[in-house]
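One structure is given here, and the rest of the page talks about it.
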Amino acid sequence: MEGARIATETDVHVIAEMAQRCRSETARQRRGIMLLLTGQTSDRSPEAVLEEIRSPEHLVLVGTYDEVPVGFAVARLESLHDGSRLARLHEIYVEPDARGVGVGGALMLGVLRWAAEQDCVGIDARVLPGDREAKNFFERHGLTAREIVVHREVPSFEELRILWPDEHDGPS
């Protein structure tokens with residue numbers, strides 16, 4: 001049976017190991033490297049996970065199937081300019097062999113409950129472009145896009161000259 005529970009100090013190493021697998025998957029996705037390089041995903045070393053478990057500003061959940069840890073979620077409270085709070089879902093991950101059986105849903109429900117208990121005005125989560133599975137997952141749980149970040153890699157000066165040979169040498 002699937003479920004989710006609050007992480008304890010005994011879960012630190014299993015969460016850190018799953019986080020490494022999550023980062024590997026992220027790196028292989030379109031624009032995943034940029035997400036990792038910009039620090040929009042947090043350090044999930046055992047020490048960092050332990051800090052998050054102990055922090056009143058964080059929620060760390062373990063997703064289970066038949067009591068075996070197969071996923072995790074990490075959310076953090078953020079204060080908004082008007083004094084209200086937002087729950088930011090930094091990471092939610094379920095091992096590939098355990099996907100599609102409800103573990104992700106149990107984790108998401110746990111995050112939603114926590115956000116409600118914390119009087120949050122909303123929950124934010126990131127989805128990489130082309131990750132239809134993640135987008136659909138979040139939409140099934142009521143999350144919709146409220147912002148789109150666009151990006152372009154900057155070509156070298158020589159590549160720019162090839163692309164636009166008639167342009168001047170730069171801004172004046």
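By convention here, the chains of the structure tokens are called A, B, ... in the order presented, each chain's residues are numbered starting at 1, and ligands are numbered starting at 1 in the order presented.
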
Within 12 Å of region 136-140 of chain A, which residues of region 55-101 of chain A show up? Give each one with its shortest atom-to-atom distance in Å (one decimal) and the two atoms involved, counting only C-alpha atoms, rows by chain then rising residue number, as a Markdown table.
| residue | atom | partner | partner_atom | distance |
| --- | --- | --- | --- | --- |
| A:Leu89 | CA | A:Phe138 | CA | 10.9 |
| A:Ile92 | CA | A:Phe138 | CA | 10.6 |
| A:Tyr93 | CA | A:Phe137 | CA | 11.6 |
| A:Arg99 | CA | A:Phe137 | CA | 11.2 |
| A:Gly100 | CA | A:Phe137 | CA | 10.3 |

**Study point:** Spatial neighbours of Gly104 (chain A), 9 Å, only C-alpha atoms, chain gap at least 2 places, as JSON, numbers by chain
**Key:** {"A": [2, 3, 4, 63, 71, 72, 73, 92, 93, 94, 99, 100, 101, 102, 106, 107, 108, 109, 137]}

Check your understanding: Skipping near chain neighbours, those fewer than 5 positions away, what residues fall within 9 Å of Glu91 (chain A) using only C-alpha atoms, listed as a VMD selection string?
Key -> chain A and resid 19 22 41 to 42 72 to 75 125 to 126

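Between CA of Val103 (chain A) and CA of Val121 (chain A) the separation is 24.8 Å.
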
Review point. So which bits of chain A end up strand (DSSP E or B) when you DSSP the backbone, as a ChimeraX atom specification?
Key: /A:2-6,58-65,68-79,85-94,120-125

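One distance worth recording is that between CA of Glu147 (chain A) and CA of Asp124 (chain A), which is 10.1 Å.
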
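Using only C-alpha atoms, the shortest contact distance between Glu47 (chain A) and any of A:His13, A:Arg23, A:Arg5, A:Arg28 is found at A:His13.
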
Point to revise | Test item, helix (DSSP H, G or I) assignment across region 37-170 of chain A, answer as an MDAnalysis selection string | key: chainID A and resid 37 46:54 96:98 103:117 132:140 157:163

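Picture a line from CA of Leu59 (chain A) to CA of Val12 (chain A); it runs 13.3 Å.
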
Exercise for review: Would you mind listing what lies within 12 Å of Leu80 (chain A) as a ChimeraX atom specification, with only C-alpha atoms counted and same-chain residues fewer than 6 positions away left out?
Suggested key: /A:86-88,120-122
